[in-house]
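Colleague: File name input-v3.pdb; file contents PDB, C-alpha atoms, pLDDT in the B column; full text below.
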```pdb
ATOM      1  CA  MET A   1      10.119  -5.304  79.096  1.00 56.00           C
ATOM      2  CA  SER A   2       6.738  -6.784  78.346  1.00 47.00           C
ATOM      3  CA  SER A   3       3.561  -6.573  80.336  1.00 42.00           C
ATOM      4  CA  ASN A   4       3.433  -8.823  83.391  1.00 41.00           C
ATOM      5  CA  SER A   5      -0.233  -9.570  82.895  1.00 42.00           C
ATOM      6  CA  SER A   6      -1.502 -12.866  81.580  1.00 37.00           C
ATOM      7  CA  GLU A   7      -2.860 -11.099  78.502  1.00 50.00           C
ATOM      8  CA  ASP A   8      -0.940 -11.302  75.248  1.00 61.00           C
ATOM      9  CA  THR A   9       0.795  -8.045  74.504  1.00 77.00           C
ATOM     10  CA  CYS A  10       1.971  -6.746  71.170  1.00 92.00           C
ATOM     11  CA  ILE A  11       4.303  -4.101  72.585  1.00 96.00           C
ATOM     12  CA  LEU A  12       7.572  -4.062  74.482  1.00 96.00           C
ATOM     13  CA  LEU A  13       9.100  -1.231  76.479  1.00 97.00           C
ATOM     14  CA  ARG A  14      12.842  -0.905  76.035  1.00 95.00           C
ATOM     15  CA  ALA A  15      15.638   1.563  76.685  1.00 92.00           C
ATOM     16  CA  PRO A  16      16.613   3.992  73.914  1.00 92.00           C
ATOM     17  CA  GLU A  17      19.554   2.862  71.776  1.00 92.00           C
ATOM     18  CA  PRO A  18      21.847   4.816  69.431  1.00 91.00           C
ATOM     19  CA  GLU A  19      19.932   3.209  66.534  1.00 93.00           C
ATOM     20  CA  ASP A  20      16.812   5.093  67.710  1.00 92.00           C
ATOM     21  CA  LEU A  21      18.229   8.477  66.657  1.00 91.00           C
ATOM     22  CA  ASP A  22      16.053   8.877  63.544  1.00 91.00           C
ATOM     23  CA  PHE A  23      12.945   7.723  65.414  1.00 92.00           C
ATOM     24  CA  LEU A  24      13.594  10.138  68.299  1.00 90.00           C
ATOM     25  CA  TYR A  25      14.260  12.931  65.814  1.00 88.00           C
ATOM     26  CA  THR A  26      10.884  12.279  64.159  1.00 88.00           C
ATOM     27  CA  ILE A  27       8.831  12.111  67.347  1.00 86.00           C
ATOM     28  CA  GLU A  28      10.573  14.935  69.231  1.00 84.00           C
ATOM     29  CA  ASN A  29      10.139  17.251  66.245  1.00 83.00           C
ATOM     30  CA  ASP A  30       6.422  16.577  65.751  1.00 78.00           C
ATOM     31  CA  ARG A  31       4.892  20.063  66.075  1.00 76.00           C
ATOM     32  CA  ASP A  32       1.584  18.627  67.292  1.00 72.00           C
ATOM     33  CA  LEU A  33       3.344  17.189  70.330  1.00 73.00           C
ATOM     34  CA  TRP A  34       4.887  20.550  71.172  1.00 68.00           C
ATOM     35  CA  GLU A  35       1.386  21.803  71.885  1.00 64.00           C
ATOM     36  CA  VAL A  36       0.818  19.297  74.682  1.00 58.00           C
ATOM     37  CA  THR A  37       4.289  19.255  76.207  1.00 59.00           C
ATOM     38  CA  ALA A  38       6.732  21.763  77.612  1.00 58.00           C
ATOM     39  CA  LEU A  39       9.138  21.301  74.670  1.00 57.00           C
ATOM     40  CA  GLY A  40       8.252  24.384  72.691  1.00 62.00           C
ATOM     41  CA  GLY A  41      10.780  23.719  69.966  1.00 69.00           C
ATOM     42  CA  PRO A  42      12.765  21.275  67.882  1.00 79.00           C
ATOM     43  CA  TYR A  43      15.666  19.049  68.862  1.00 80.00           C
ATOM     44  CA  SER A  44      18.730  18.637  66.663  1.00 86.00           C
ATOM     45  CA  ARG A  45      20.164  15.238  65.804  1.00 86.00           C
ATOM     46  CA  TYR A  46      23.308  16.260  67.667  1.00 88.00           C
ATOM     47  CA  ALA A  47      21.354  17.037  70.855  1.00 87.00           C
ATOM     48  CA  LEU A  48      19.462  13.745  70.621  1.00 87.00           C
ATOM     49  CA  ARG A  49      22.699  11.810  70.018  1.00 86.00           C
ATOM     50  CA  GLN A  50      24.162  13.424  73.146  1.00 87.00           C
ATOM     51  CA  TYR A  51      20.961  12.636  75.071  1.00 82.00           C
ATOM     52  CA  ILE A  52      21.101   8.936  74.163  1.00 84.00           C
ATOM     53  CA  ALA A  53      24.800   8.736  75.045  1.00 85.00           C
ATOM     54  CA  SER A  54      24.279  10.348  78.434  1.00 84.00           C
ATOM     55  CA  LEU A  55      21.237   8.397  79.633  1.00 80.00           C
ATOM     56  CA  PRO A  56      21.808   7.429  83.279  1.00 72.00           C
ATOM     57  CA  THR A  57      21.684   3.810  84.324  1.00 71.00           C
ATOM     58  CA  SER A  58      19.499   4.563  87.344  1.00 71.00           C
ATOM     59  CA  PRO A  59      16.088   6.229  87.033  1.00 77.00           C
ATOM     60  CA  TYR A  60      16.573   7.655  90.512  1.00 68.00           C
ATOM     61  CA  SER A  61      19.750   9.550  89.620  1.00 70.00           C
ATOM     62  CA  ALA A  62      17.951  11.361  86.797  1.00 74.00           C
ATOM     63  CA  GLU A  63      14.540  11.386  88.503  1.00 86.00           C
ATOM     64  CA  ALA A  64      13.265  10.082  85.170  1.00 88.00           C
ATOM     65  CA  ILE A  65      13.253   7.103  82.849  1.00 92.00           C
ATOM     66  CA  ARG A  66      12.307   6.879  79.191  1.00 91.00           C
ATOM     67  CA  PHE A  67      11.203   3.811  77.276  1.00 95.00           C
ATOM     68  CA  ILE A  68      10.756   3.246  73.576  1.00 96.00           C
ATOM     69  CA  ILE A  69       7.418   1.590  72.870  1.00 97.00           C
ATOM     70  CA  SER A  70       8.146  -1.031  70.214  1.00 97.00           C
ATOM     71  CA  HIS A  71       6.115  -3.697  68.475  1.00 96.00           C
ATOM     72  CA  SER A  72       6.960  -7.084  69.989  1.00 93.00           C
ATOM     73  CA  GLN A  73       6.898  -8.943  66.660  1.00 92.00           C
ATOM     74  CA  SER A  74       8.449  -6.492  64.197  1.00 93.00           C
ATOM     75  CA  GLY A  75      10.551  -4.434  66.608  1.00 92.00           C
ATOM     76  CA  LYS A  76       9.207  -1.262  64.993  1.00 95.00           C
ATOM     77  CA  SER A  77       9.372   1.800  67.257  1.00 96.00           C
ATOM     78  CA  LEU A  78       5.867   3.132  67.907  1.00 96.00           C
ATOM     79  CA  GLY A  79       6.294   5.827  70.543  1.00 95.00           C
ATOM     80  CA  LEU A  80       7.751   6.904  73.859  1.00 94.00           C
ATOM     81  CA  ILE A  81       6.606   6.572  77.444  1.00 96.00           C
ATOM     82  CA  ASP A  82       8.323   8.358  80.305  1.00 93.00           C
ATOM     83  CA  LEU A  83       8.314   8.540  84.058  1.00 95.00           C
ATOM     84  CA  THR A  84       9.471  11.996  85.146  1.00 93.00           C
ATOM     85  CA  ASP A  85       9.649  13.846  88.446  1.00 94.00           C
ATOM     86  CA  LEU A  86      10.360  10.463  89.981  1.00 94.00           C
ATOM     87  CA  ASN A  87      10.215  10.902  93.734  1.00 94.00           C
ATOM     88  CA  PRO A  88      11.482   7.850  95.662  1.00 91.00           C
ATOM     89  CA  ARG A  89      10.617   9.295  99.065  1.00 93.00           C
ATOM     90  CA  ASP A  90       6.957   9.879  98.229  1.00 95.00           C
ATOM     91  CA  ARG A  91       6.993   6.944  95.769  1.00 96.00           C
ATOM     92  CA  ARG A  92       5.351   8.776  92.888  1.00 97.00           C
ATOM     93  CA  ALA A  93       6.110   9.831  89.316  1.00 97.00           C
ATOM     94  CA  GLU A  94       4.518  11.661  86.407  1.00 97.00           C
ATOM     95  CA  ILE A  95       3.739   9.849  83.162  1.00 97.00           C
ATOM     96  CA  GLY A  96       4.281  11.202  79.669  1.00 93.00           C
ATOM     97  CA  ILE A  97       3.368   9.285  76.534  1.00 94.00           C
ATOM     98  CA  ALA A  98       3.660  10.034  72.818  1.00 92.00           C
ATOM     99  CA  LEU A  99       3.014   7.873  69.784  1.00 93.00           C
ATOM    100  CA  LEU A 100       3.809   8.410  66.132  1.00 92.00           C
ATOM    101  CA  ARG A 101       0.743   9.756  64.341  1.00 89.00           C
ATOM    102  CA  SER A 102       0.491   6.587  62.263  1.00 92.00           C
ATOM    103  CA  GLU A 103       0.364   4.422  65.400  1.00 94.00           C
ATOM    104  CA  ARG A 104      -2.352   6.229  67.350  1.00 91.00           C
ATOM    105  CA  ASN A 105      -5.786   4.702  68.051  1.00 92.00           C
ATOM    106  CA  LYS A 106      -4.487   1.125  67.851  1.00 94.00           C
ATOM    107  CA  GLY A 107      -4.377   0.334  71.582  1.00 94.00           C
ATOM    108  CA  TYR A 108      -0.596   0.697  71.890  1.00 97.00           C
ATOM    109  CA  ALA A 109      -0.795   3.551  74.407  1.00 96.00           C
ATOM    110  CA  ARG A 110      -3.110   1.524  76.653  1.00 96.00           C
ATOM    111  CA  GLU A 111      -0.760  -1.487  76.541  1.00 97.00           C
ATOM    112  CA  ALA A 112       2.315   0.666  77.169  1.00 97.00           C
ATOM    113  CA  LEU A 113       0.616   2.359  80.106  1.00 97.00           C
ATOM    114  CA  ARG A 114      -0.332  -1.014  81.613  1.00 96.00           C
ATOM    115  CA  SER A 115       3.231  -2.294  81.205  1.00 97.00           C
ATOM    116  CA  LEU A 116       4.691   0.889  82.682  1.00 97.00           C
ATOM    117  CA  GLU A 117       2.365   0.603  85.696  1.00 97.00           C
ATOM    118  CA  HIS A 118       3.689  -2.919  86.382  1.00 96.00           C
ATOM    119  CA  TYR A 119       7.270  -1.668  86.143  1.00 96.00           C
ATOM    120  CA  ALA A 120       6.580   1.332  88.383  1.00 96.00           C
ATOM    121  CA  ARG A 121       4.886  -0.813  91.020  1.00 96.00           C
ATOM    122  CA  ASP A 122       6.960  -3.999  90.919  1.00 95.00           C
ATOM    123  CA  ILE A 123      10.456  -2.685  90.132  1.00 94.00           C
ATOM    124  CA  LEU A 124      10.526   0.943  91.297  1.00 94.00           C
ATOM    125  CA  ASN A 125       8.114   0.357  94.203  1.00 95.00           C
ATOM    126  CA  LEU A 126       6.044   3.423  93.304  1.00 96.00           C
ATOM    127  CA  ARG A 127       2.573   3.859  94.743  1.00 97.00           C
ATOM    128  CA  ILE A 128       1.198   6.773  92.690  1.00 98.00           C
ATOM    129  CA  LEU A 129       1.352   7.700  89.020  1.00 98.00           C
ATOM    130  CA  TYR A 130      -0.114  10.910  87.650  1.00 98.00           C
ATOM    131  CA  ALA A 131      -0.431  12.764  84.371  1.00 97.00           C
ATOM    132  CA  GLN A 132      -0.995  16.392  83.443  1.00 95.00           C
ATOM    133  CA  VAL A 133      -3.245  16.609  80.391  1.00 93.00           C
ATOM    134  CA  PRO A 134      -4.287  19.776  78.525  1.00 90.00           C
ATOM    135  CA  ALA A 135      -8.077  19.837  78.797  1.00 85.00           C
ATOM    136  CA  LEU A 136      -8.939  21.076  75.307  1.00 83.00           C
ATOM    137  CA  THR A 137      -6.042  20.053  73.097  1.00 82.00           C
ATOM    138  CA  ASN A 138      -5.566  16.469  74.252  1.00 86.00           C
ATOM    139  CA  PRO A 139      -8.923  14.704  74.727  1.00 88.00           C
ATOM    140  CA  ARG A 140      -7.455  11.346  73.619  1.00 90.00           C
ATOM    141  CA  SER A 141      -5.061  11.340  76.565  1.00 92.00           C
ATOM    142  CA  SER A 142      -7.870  12.235  78.952  1.00 94.00           C
ATOM    143  CA  GLY A 143      -9.814   9.246  77.626  1.00 94.00           C
ATOM    144  CA  LEU A 144      -6.793   6.959  77.872  1.00 96.00           C
ATOM    145  CA  PHE A 145      -6.171   7.789  81.522  1.00 97.00           C
ATOM    146  CA  ARG A 146      -9.856   7.551  82.450  1.00 96.00           C
ATOM    147  CA  GLN A 147     -10.145   4.120  80.787  1.00 96.00           C
ATOM    148  CA  ALA A 148      -7.008   2.976  82.622  1.00 96.00           C
ATOM    149  CA  GLY A 149      -8.537   3.811  86.011  1.00 97.00           C
ATOM    150  CA  TYR A 150      -6.948   7.197  86.630  1.00 98.00           C
ATOM    151  CA  GLY A 151      -9.173   9.629  88.455  1.00 97.00           C
ATOM    152  CA  LEU A 152      -9.418  13.328  87.662  1.00 97.00           C
ATOM    153  CA  VAL A 153      -8.174  14.821  90.937  1.00 98.00           C
ATOM    154  CA  ALA A 154      -7.575  18.449  90.022  1.00 97.00           C
ATOM    155  CA  SER A 155      -7.794  21.067  87.335  1.00 96.00           C
ATOM    156  CA  LEU A 156      -5.257  23.860  87.027  1.00 96.00           C
ATOM    157  CA  PRO A 157      -7.088  26.843  85.510  1.00 95.00           C
ATOM    158  CA  GLU A 158      -5.478  28.592  82.554  1.00 94.00           C
ATOM    159  CA  TRP A 159      -2.243  26.654  83.076  1.00 91.00           C
ATOM    160  CA  HIS A 160      -1.259  25.899  79.474  1.00 85.00           C
ATOM    161  CA  TYR A 161      -0.817  28.403  76.639  1.00 83.00           C
ATOM    162  CA  HIS A 162      -2.121  27.181  73.264  1.00 79.00           C
ATOM    163  CA  ASN A 163      -2.965  29.101  70.081  1.00 79.00           C
ATOM    164  CA  GLY A 164      -3.106  32.484  71.789  1.00 87.00           C
ATOM    165  CA  GLU A 165      -5.196  31.326  74.744  1.00 89.00           C
ATOM    166  CA  TYR A 166      -4.691  29.662  78.091  1.00 92.00           C
ATOM    167  CA  GLU A 167      -6.370  26.346  78.780  1.00 91.00           C
ATOM    168  CA  ASP A 168      -6.858  24.252  81.889  1.00 94.00           C
ATOM    169  CA  ILE A 169      -4.644  21.299  82.742  1.00 94.00           C
ATOM    170  CA  CYS A 170      -6.339  18.192  84.140  1.00 96.00           C
ATOM    171  CA  ILE A 171      -4.436  16.123  86.694  1.00 97.00           C
ATOM    172  CA  PHE A 172      -5.170  12.392  86.513  1.00 98.00           C
ATOM    173  CA  LEU A 173      -3.916  10.135  89.314  1.00 98.00           C
ATOM    174  CA  LYS A 174      -3.849   6.416  90.003  1.00 98.00           C
ATOM    175  CA  LYS A 175      -2.814   4.614  93.168  1.00 97.00           C
ATOM    176  CA  LEU A 176      -1.052   1.428  92.171  1.00 96.00           C
ATOM    177  CA  SER A 177      -2.366  -1.634  93.931  1.00 84.00           C
ATOM    178  CA  LYS A 178       0.025  -4.040  95.575  1.00 74.00           C
ATOM    179  CA  LYS A 179       1.010  -7.088  93.590  1.00 62.00           C
ATOM    180  CA  VAL A 180      -1.020 -10.068  94.751  1.00 49.00           C
TER     181      VAL A 180
END
```
Kindly transcribe the structure held in the file into C-alpha cells.
Modeller:
Amino acid sequence: MSSNSSEDTCILLRAPEPEDLDFLYTIENDRDLWEVTALGGPYSRYALRQYIASLPTSPYSAEAIRFIISHSQSGKSLGLIDLTDLNPRDRRAEIGIALLRSERNKGYAREALRSLEHYARDILNLRILYAQVPALTNPRSSGLFRQAGYGLVASLPEWHYHNGEYEDICIFLKKLSKKV
C-alpha cells in the first residue's frame, strides 16, 4: 500500500510475510524498543513464526493490524507500523511505529504515518488516531506526531517505568479529516 497523496513516496506498507522472520526477529529484539513499548522481553523465532502464520485476515477480528514499512524501490524492510486497540464502534485506533536503528531520521516514519492515516480513514473509516509516547525516553516520536498534526491532549503522570524511575506518558491525538 503506498501513500494516496500526490507526493512521491519512497515507502510501501505491506502485510508481514514468512520471509520477514529475520527482520521481525531483529526489530522485536531491539532492547532500545523495549523501553518505549510494553514488550519487556525478547521474542523467539518460533513465537514470531507462529505469529506470522496466525495473522488474521481482518483487522477488526484482532482489533489490530501490522504493516511492514518497506522501501518502494529496493523492497528492503525498514520498520513496522501498527494500529492496535482498533475500535470500530468509536472509529479510533492507537498507532505504534518502530524503525530499524539504521533507518531512523530519514523521513520514513513520517511517510509511513501519512500512508497509515490514509488507510485508516479511507479503508477502515476511522476518525481518530492516537499514540502514547514516553515523555523523556522518546522525544523523536513526540516530534514526529507534533509535525504530523497530532495534538498533545493528555499526560499520564508516572505511567511508564524506565531505568528505575517512572516517567509521564504523553497522549497525542489526531482527528482524520474526511476525504475530499
Colleague: Compare A:Asp20, A:Gly151, A:Arg14, A:Ala109 by their minimum atom-to-atom distance to Arg66 (chain A), counting all atoms listed in the file, and give me the closest one.
Modeller: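 Closest candidate: A:Arg14.
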Colleague: Selected by the PyMOL selection byres ((chain A and resi 48-51) around 10) in the shown coordinates: which residues, as a VMD selection string?
Modeller: chain A and resid 16 to 22 24 to 25 28 43 to 47 52 to 56
Colleague: Those residues with C-alpha atoms, as an mmCIF file, keeping the file's coordinate frame please?
Modeller:
```cif
data_model
loop_
_atom_site.group_PDB
_atom_site.id
_atom_site.type_symbol
_atom_site.label_atom_id
_atom_site.label_comp_id
_atom_site.auth_asym_id
_atom_site.auth_seq_id
_atom_site.Cartn_x
_atom_site.Cartn_y
_atom_site.Cartn_z
ATOM 1 C CA PRO A 16 16.613 3.992 73.914
ATOM 2 C CA GLU A 17 19.554 2.862 71.776
ATOM 3 C CA PRO A 18 21.847 4.816 69.431
ATOM 4 C CA GLU A 19 19.932 3.209 66.534
ATOM 5 C CA ASP A 20 16.812 5.093 67.710
ATOM 6 C CA LEU A 21 18.229 8.477 66.657
ATOM 7 C CA ASP A 22 16.053 8.877 63.544
ATOM 8 C CA LEU A 24 13.594 10.138 68.299
ATOM 9 C CA TYR A 25 14.260 12.931 65.814
ATOM 10 C CA GLU A 28 10.573 14.935 69.231
ATOM 11 C CA TYR A 43 15.666 19.049 68.862
ATOM 12 C CA SER A 44 18.730 18.637 66.663
ATOM 13 C CA ARG A 45 20.164 15.238 65.804
ATOM 14 C CA TYR A 46 23.308 16.260 67.667
ATOM 15 C CA ALA A 47 21.354 17.037 70.855
ATOM 16 C CA ILE A 52 21.101 8.936 74.163
ATOM 17 C CA ALA A 53 24.800 8.736 75.045
ATOM 18 C CA SER A 54 24.279 10.348 78.434
ATOM 19 C CA LEU A 55 21.237 8.397 79.633
ATOM 20 C CA PRO A 56 21.808 7.429 83.279
#
```
Colleague: Pick from A:Cys10, A:Leu99, A:Leu83, A:Leu78: nearest to Asp32 (chain A), with only C-alpha atoms counted?
Modeller: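 Closest candidate: A:Leu99.
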Colleague: If the PyMOL selection byres ((chain A and resi 85) around 6) were run on this exact file, what residues would it hold? Put them as a PyMOL selection string.
Modeller: chain A and resi 63+84+86+93-94
Colleague: Run through the PyMOL selection byres ((chain A and resi 112) around 9) on the given coordinates and return the selected residues as a JSON list (two decimals) with C-alpha atoms, in the frame of the given file.
Modeller:
```
[["chain", "number", "residue", "atom", "x", "y", "z"],
["A", 2, "SER", "CA", 6.74, -6.78, 78.35],
["A", 3, "SER", "CA", 3.56, -6.57, 80.34],
["A", 11, "ILE", "CA", 4.30, -4.10, 72.58],
["A", 12, "LEU", "CA", 7.57, -4.06, 74.48],
["A", 13, "LEU", "CA", 9.10, -1.23, 76.48],
["A", 69, "ILE", "CA", 7.42, 1.59, 72.87],
["A", 80, "LEU", "CA", 7.75, 6.90, 73.86],
["A", 81, "ILE", "CA", 6.61, 6.57, 77.44],
["A", 97, "ILE", "CA", 3.37, 9.28, 76.53],
["A", 107, "GLY", "CA", -4.38, 0.33, 71.58],
["A", 108, "TYR", "CA", -0.60, 0.70, 71.89],
["A", 109, "ALA", "CA", -0.80, 3.55, 74.41],
["A", 110, "ARG", "CA", -3.11, 1.52, 76.65],
["A", 111, "GLU", "CA", -0.76, -1.49, 76.54],
["A", 113, "LEU", "CA", 0.62, 2.36, 80.11],
["A", 114, "ARG", "CA", -0.33, -1.01, 81.61],
["A", 115, "SER", "CA", 3.23, -2.29, 81.20],
["A", 116, "LEU", "CA", 4.69, 0.89, 82.68],
["A", 117, "GLU", "CA", 2.37, 0.60, 85.70]]
```
Colleague: One decimal, Å: what's the distance from CA of Asp30 (chain A) over to CA of Ser155 (chain A), could you say?
Modeller: 26.2 Å
Colleague: Give me, as an mmCIF file with C-alpha atoms, keeping the file's coordinate frame, all polymer residues having an atom no more than 7 Å from region 163-180 of chain A, counting all atoms listed in the file and skipping those fewer than 3 positions away in the same chain.
Modeller:
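Saved to selection.cif:
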```
data_model
loop_
_atom_site.group_PDB
_atom_site.id
_atom_site.type_symbol
_atom_site.label_atom_id
_atom_site.label_comp_id
_atom_site.auth_asym_id
_atom_site.auth_seq_id
_atom_site.Cartn_x
_atom_site.Cartn_y
_atom_site.Cartn_z
ATOM 1 C CA ARG A 121 4.886 -0.813 91.020
ATOM 2 C CA ARG A 127 2.573 3.859 94.743
ATOM 3 C CA ILE A 128 1.198 6.773 92.690
ATOM 4 C CA LEU A 129 1.352 7.700 89.020
ATOM 5 C CA TYR A 130 -0.114 10.910 87.650
ATOM 6 C CA ALA A 131 -0.431 12.764 84.371
ATOM 7 C CA GLN A 132 -0.995 16.392 83.443
ATOM 8 C CA VAL A 133 -3.245 16.609 80.391
ATOM 9 C CA PRO A 134 -4.287 19.776 78.525
ATOM 10 C CA ALA A 135 -8.077 19.837 78.797
ATOM 11 C CA LEU A 136 -8.939 21.076 75.307
ATOM 12 C CA PHE A 145 -6.171 7.789 81.522
ATOM 13 C CA GLY A 149 -8.537 3.811 86.011
ATOM 14 C CA TYR A 150 -6.948 7.197 86.630
ATOM 15 C CA GLY A 151 -9.173 9.629 88.455
ATOM 16 C CA LEU A 152 -9.418 13.328 87.662
ATOM 17 C CA VAL A 153 -8.174 14.821 90.937
ATOM 18 C CA ALA A 154 -7.575 18.449 90.022
ATOM 19 C CA SER A 155 -7.794 21.067 87.335
ATOM 20 C CA LEU A 156 -5.257 23.860 87.027
ATOM 21 C CA PRO A 157 -7.088 26.843 85.510
ATOM 22 C CA GLU A 158 -5.478 28.592 82.554
ATOM 23 C CA TRP A 159 -2.243 26.654 83.076
ATOM 24 C CA HIS A 160 -1.259 25.899 79.474
#
```
Colleague: What is the distance, in Å and to one decimal place, between CA of Ser61 (chain A) and CA of Asn87 (chain A)?
Modeller: 10.5 Å
Colleague: Between A:Ala62, A:His118, A:Leu33, A:Gln73, single out the one closest to Gly96 (chain A), counting only C-alpha atoms.
Modeller: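 The closest residue to Gly96 (chain A) is A:Leu33.
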Colleague: What are the centre and the three edge lengths of an axis-aligned box that wraps all atoms of region 59-67 of chain A in the file, given that 4 Å is added to every side, written as lines of an AutoDock Vina configuration file and rounded to one decimal in Å?
Modeller:
```
center_x = 15.5
center_y = 7.6
center_z = 83.9
size_x = 16.5
size_y = 15.6
size_z = 21.2
```
Colleague: CA of Arg92 (chain A) and CA of Leu126 (chain A) are how many Å apart?
Modeller: 5.4 Å
Colleague: Looking at only C-alpha atoms, which of A:Ile68, A:Leu144, A:Ala15, A:Ile123 is the one that sits closest to Leu100 (chain A)?
Modeller: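 Smallest separation from Leu100 (chain A) among the options: A:Ile68.
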Colleague: Choose the residue, out of A:His162, A:Arg140, A:Ala120, A:Lys106, that has the smallest atom-to-atom separation from Pro59 (chain A); count all atoms listed in the file.
Modeller: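 Closest candidate: A:Ala120.
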Colleague: Compare A:Asn105, A:Thr9, A:Asn138, A:Thr26 by their minimum atom-to-atom distance to His71 (chain A), counting only C-alpha atoms, and give me the closest one.
Modeller: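 Under the stated criterion, the closest residue is A:Thr9.
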Colleague: Just save region 41-56 of chain A with N, CA, C and O atoms, as a tab-separated table (two decimals), in the first residue's frame.
Modeller:
```
chain	number	residue	atom	x	y	z
A	41	GLY	N	10.58	-7.86	26.89
A	41	GLY	CA	11.43	-9.02	26.72
A	41	GLY	C	11.50	-9.49	25.29
A	41	GLY	O	10.77	-9.01	24.43
A	42	PRO	N	12.38	-10.45	25.05
A	42	PRO	CA	12.63	-10.91	23.68
A	42	PRO	C	11.55	-11.85	23.16
A	42	PRO	O	10.79	-12.43	23.92
A	43	TYR	N	11.51	-11.96	21.84
A	43	TYR	CA	10.67	-12.93	21.15
A	43	TYR	C	11.57	-13.99	20.53
A	43	TYR	O	12.61	-13.66	19.97
A	44	SER	N	11.14	-15.23	20.55
A	44	SER	CA	11.88	-16.29	19.88
A	44	SER	C	11.47	-16.34	18.41
A	44	SER	O	10.40	-15.85	18.03
A	45	ARG	N	12.32	-16.96	17.60
A	45	ARG	CA	11.97	-17.15	16.19
A	45	ARG	C	10.71	-18.01	16.07
A	45	ARG	O	9.87	-17.76	15.22
A	46	TYR	N	10.59	-19.00	16.94
A	46	TYR	CA	9.42	-19.87	16.92
A	46	TYR	C	8.15	-19.05	17.16
A	46	TYR	O	7.16	-19.18	16.43
A	47	ALA	N	8.17	-18.20	18.19
A	47	ALA	CA	6.99	-17.38	18.50
A	47	ALA	C	6.65	-16.45	17.35
A	47	ALA	O	5.47	-16.26	17.01
A	48	LEU	N	7.65	-15.86	16.72
A	48	LEU	CA	7.41	-14.96	15.60
A	48	LEU	C	6.89	-15.73	14.37
A	48	LEU	O	6.03	-15.23	13.65
A	49	ARG	N	7.40	-16.94	14.15
A	49	ARG	CA	6.90	-17.77	13.05
A	49	ARG	C	5.42	-18.07	13.27
A	49	ARG	O	4.61	-17.98	12.35
A	50	GLN	N	5.06	-18.42	14.50
A	50	GLN	CA	3.66	-18.70	14.84
A	50	GLN	C	2.80	-17.45	14.66
A	50	GLN	O	1.68	-17.52	14.18
A	51	TYR	N	3.35	-16.30	15.08
A	51	TYR	CA	2.63	-15.03	14.93
A	51	TYR	C	2.30	-14.76	13.46
A	51	TYR	O	1.16	-14.44	13.12
A	52	ILE	N	3.30	-14.87	12.59
A	52	ILE	CA	3.09	-14.61	11.17
A	52	ILE	C	2.04	-15.57	10.61
A	52	ILE	O	1.15	-15.16	9.86
A	53	ALA	N	2.13	-16.83	10.98
A	53	ALA	CA	1.21	-17.84	10.46
A	53	ALA	C	-0.23	-17.61	10.92
A	53	ALA	O	-1.18	-17.99	10.24
A	54	SER	N	-0.38	-16.98	12.07
A	54	SER	CA	-1.73	-16.83	12.63
A	54	SER	C	-2.33	-15.44	12.45
A	54	SER	O	-3.36	-15.14	13.05
A	55	LEU	N	-1.69	-14.60	11.65
A	55	LEU	CA	-2.23	-13.25	11.45
A	55	LEU	C	-3.64	-13.33	10.87
A	55	LEU	O	-3.87	-14.02	9.88
A	56	PRO	N	-4.59	-12.64	11.48
A	56	PRO	CA	-5.97	-12.67	10.96
A	56	PRO	C	-6.08	-11.89	9.66
A	56	PRO	O	-5.28	-11.00	9.39
```
